[in-house]
Structures are given as C-alpha cells and as structure tokens.
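Asks: I'd like to ask you about the structure that follows.
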Amino acid sequence: MSSELYHNIYAVVKSIPFGKIATYGQIAALAGLPGRARQVGYALHALPDSSDIPWHRVINAKGEISIRSDPLYADIQRHLLESEGVVFNSQNRIPLPDYLWMSRI
DNA sequence: GCAGTGACTAGTA
DNA sequence: ATACTAGCCACTG
C-alpha cells in the first residue's frame, strides 16, 4: 500500500544529500506530516531492501541509529553511513550539527 | 471496531 | 547525564 504521503516521505528521504543525515521529525515535517515522526519510521519499515531510498540517512533526534526488531540493521546502517564519511563519536552518536541535512534553526 | 505496537519527539523531573 | 510521560497515528490481529 503506498499512499501519497508515503510517496512524499520517500521523495524527501531521497533528497538527502550524500554524506548528510536527517531526523525522523524533519522528514515528517518536510513531507507534510508535522509531529508524526513515527509514521516516517513506519514508512521506512515498509521499504524493501532492494529500494533505492537512502533510508540509512534517517536517524533519530538524538543522533543515534534507531534499533529495529532486528538489531542487525543498526550495524548495516552504521557501516553505510561511515562509508559516506559520517563519523560517530565515542557514544556511538552522530554530532547532529556537523552532518544534519538542514539546520534546525 | 478495539487494543496493542512501534525505524519518534519534546517535555518534565 | 538518565528515566519516565504524554502525544502522536498507521498498521496489525
């Protein structure tokens, strides 16, 4: 099932540049779903692995990788991000001001 | 149709 | 810094 809003979410995620990240809340707001960050997570969850959507560039508001039912994906996501030059700090977090796609200001 | 779940977030303590 | 809470709403059984 692919509603127009889901399509919108995917379009926004696709527009995140290489080496940059965005939060679920940002994606929701840009896709016309202010305050519905959970729906972004659900939309990405419904994505097939073969998708060309850069889902790994979406992280939570703390700069951490959100764990799915299968924790294996956290490793995959981290690896994908590191291959794009994203550096994690000592707490396994991404310094948001350094890599955030769009400023929160 | 109702209740539980979840790749979330901002607020409060 | 961590822990808990309310709000959020599509999806699932």
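Identifiers in this document derive from the order of the structure tokens: chains are assigned A, B, ..., residues are numbered from 1 separately in each chain, and ligands are numbered from 1 in order of occurrence.
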Enumerate as a list in words all residues of chain A assigned to strand (DSSP E or B) by DSSP on the backbone, naming them with the chain letters and numbers the document uses.

Replies: Ile21, Ala22, Thr23, Val58, Ile59 and Leu100 of chain A

Asks: Would you output that residue set with all heavy atoms, as a compact mmCIF listing (two decimals), in the first residue's frame?

Replies:
```txt
# COMPACT_ATOMS: atom_id res chain seq x y z
N ILE A 21 22.68 13.57 6.98
CA ILE A 21 21.62 12.81 7.64
C ILE A 21 20.47 13.74 8.01
O ILE A 21 20.63 14.96 8.04
CB ILE A 21 22.16 12.09 8.90
CG1 ILE A 21 22.87 13.06 9.84
CG2 ILE A 21 23.08 10.95 8.51
CD1 ILE A 21 21.98 13.69 10.84
N ALA A 22 19.33 13.15 8.28
CA ALA A 22 18.16 13.92 8.71
C ALA A 22 17.44 13.12 9.78
O ALA A 22 17.59 11.90 9.86
CB ALA A 22 17.24 14.20 7.53
N THR A 23 16.66 13.79 10.60
CA THR A 23 15.93 13.10 11.66
C THR A 23 14.52 12.75 11.16
O THR A 23 14.02 13.32 10.20
CB THR A 23 15.80 13.97 12.91
OG1 THR A 23 14.95 15.08 12.63
CG2 THR A 23 17.17 14.50 13.35
N VAL A 58 18.51 8.44 7.65
CA VAL A 58 17.50 8.91 8.59
C VAL A 58 17.79 8.33 9.96
O VAL A 58 17.84 7.11 10.13
CB VAL A 58 16.08 8.51 8.13
CG1 VAL A 58 15.04 9.11 9.07
CG2 VAL A 58 15.84 8.96 6.70
N ILE A 59 18.01 9.20 10.94
CA ILE A 59 18.28 8.76 12.31
C ILE A 59 17.38 9.53 13.27
O ILE A 59 16.64 10.42 12.85
CB ILE A 59 19.76 9.00 12.68
CG1 ILE A 59 20.06 10.50 12.59
CG2 ILE A 59 20.69 8.23 11.77
CD1 ILE A 59 21.45 10.85 13.10
N LEU A 100 23.87 17.23 9.92
CA LEU A 100 22.45 17.40 9.66
C LEU A 100 22.24 18.05 8.29
O LEU A 100 22.90 19.01 7.94
CB LEU A 100 21.83 18.26 10.77
CG LEU A 100 20.34 18.11 10.99
CD1 LEU A 100 19.98 16.66 11.25
CD2 LEU A 100 19.92 18.99 12.15
```

Asks: Please identify all residues of chain A having at least one atom at most 10 Å from any atom of chain B, considering only C-alpha atoms (C1' of nucleotides), and return them as a ChimeraX atom specification.

Replies: /A:23-25,35-46,55-56,58-62,65-69,73-74

Asks: For atom CA of Ala29 of chain A and atom CA of Glu64 of chain A, quote the distance in Å rounded to one decimal.

Replies: 19.3 Å

Asks: Please report as a PyMOL selection string which residues of chain C come no farther than 12 Å from chain A, using only C-alpha atoms (C1' of nucleotides).

Replies: chain C and resi 7-11

Asks: Go ahead and save the residues from that selection, with C-alpha atoms (C1' of nucleotides), as a PDB file, in the first residue's frame.

Replies:
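What follows is the written file result_31.pdb:
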```pdb
ATOM      1  C1'  DG C   7       1.131  12.900  22.453  1.00  0.00           C
ATOM      2  C1'  DC C   8       1.237  11.040  18.075  1.00  0.00           C
ATOM      3  C1'  DC C   9      -1.330   7.812  14.380  1.00  0.00           C
ATOM      4  C1'  DA C  10      -0.959   3.901  10.694  1.00  0.00           C
ATOM      5  C1'  DC C  11      -0.736  -0.782  10.949  1.00  0.00           C
TER       6       DC C  11
END
```

Asks: Go through A:Leu30, A:Pro48, A:Arg57, A:Ser15 one by one, measure the shortest atom-to-atom distance of each to Glu84 of chain A using only C-alpha atoms, and give the residue with the smallest value.

Replies: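 Of all the options, A:Arg57 lies closest to Glu84 of chain A.
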
Asks: Of the candidates A:Ala31, A:Leu96, A:Leu72, A:Val12, which shows the shortest atom-to-atom distance to Ile53 of chain A, using only C-alpha atoms?

Replies: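 Among A:Ala31, A:Leu96, A:Leu72, A:Val12, it is A:Val12 that comes nearest to Ile53 of chain A.
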
Asks: Could you work out how far atom CA of Phe88 of chain A lies from atom CA of Ser51 of chain A, giving the answer in Å with one decimal?

Replies: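 Answer for the atom CA of Ser51 of chain A to atom CA of Phe88 of chain A separation: 25.0 Å.
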
Asks: May I ask for the distance between atom CA of Asp49 of chain A and atom CA of Ala28 of chain A, given in Å to one decimal place?

Replies: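 Computing it gives 21.2 Å between the two atoms.
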
Asks: Could you find all residues in chain A that DSSP calls helix (DSSP H, G or I) from the backbone, and write them as an NGL selection string?

Replies: :A and (4-14 or 24-30 or 37-45 or 55-57 or 72-82 or 96-99)
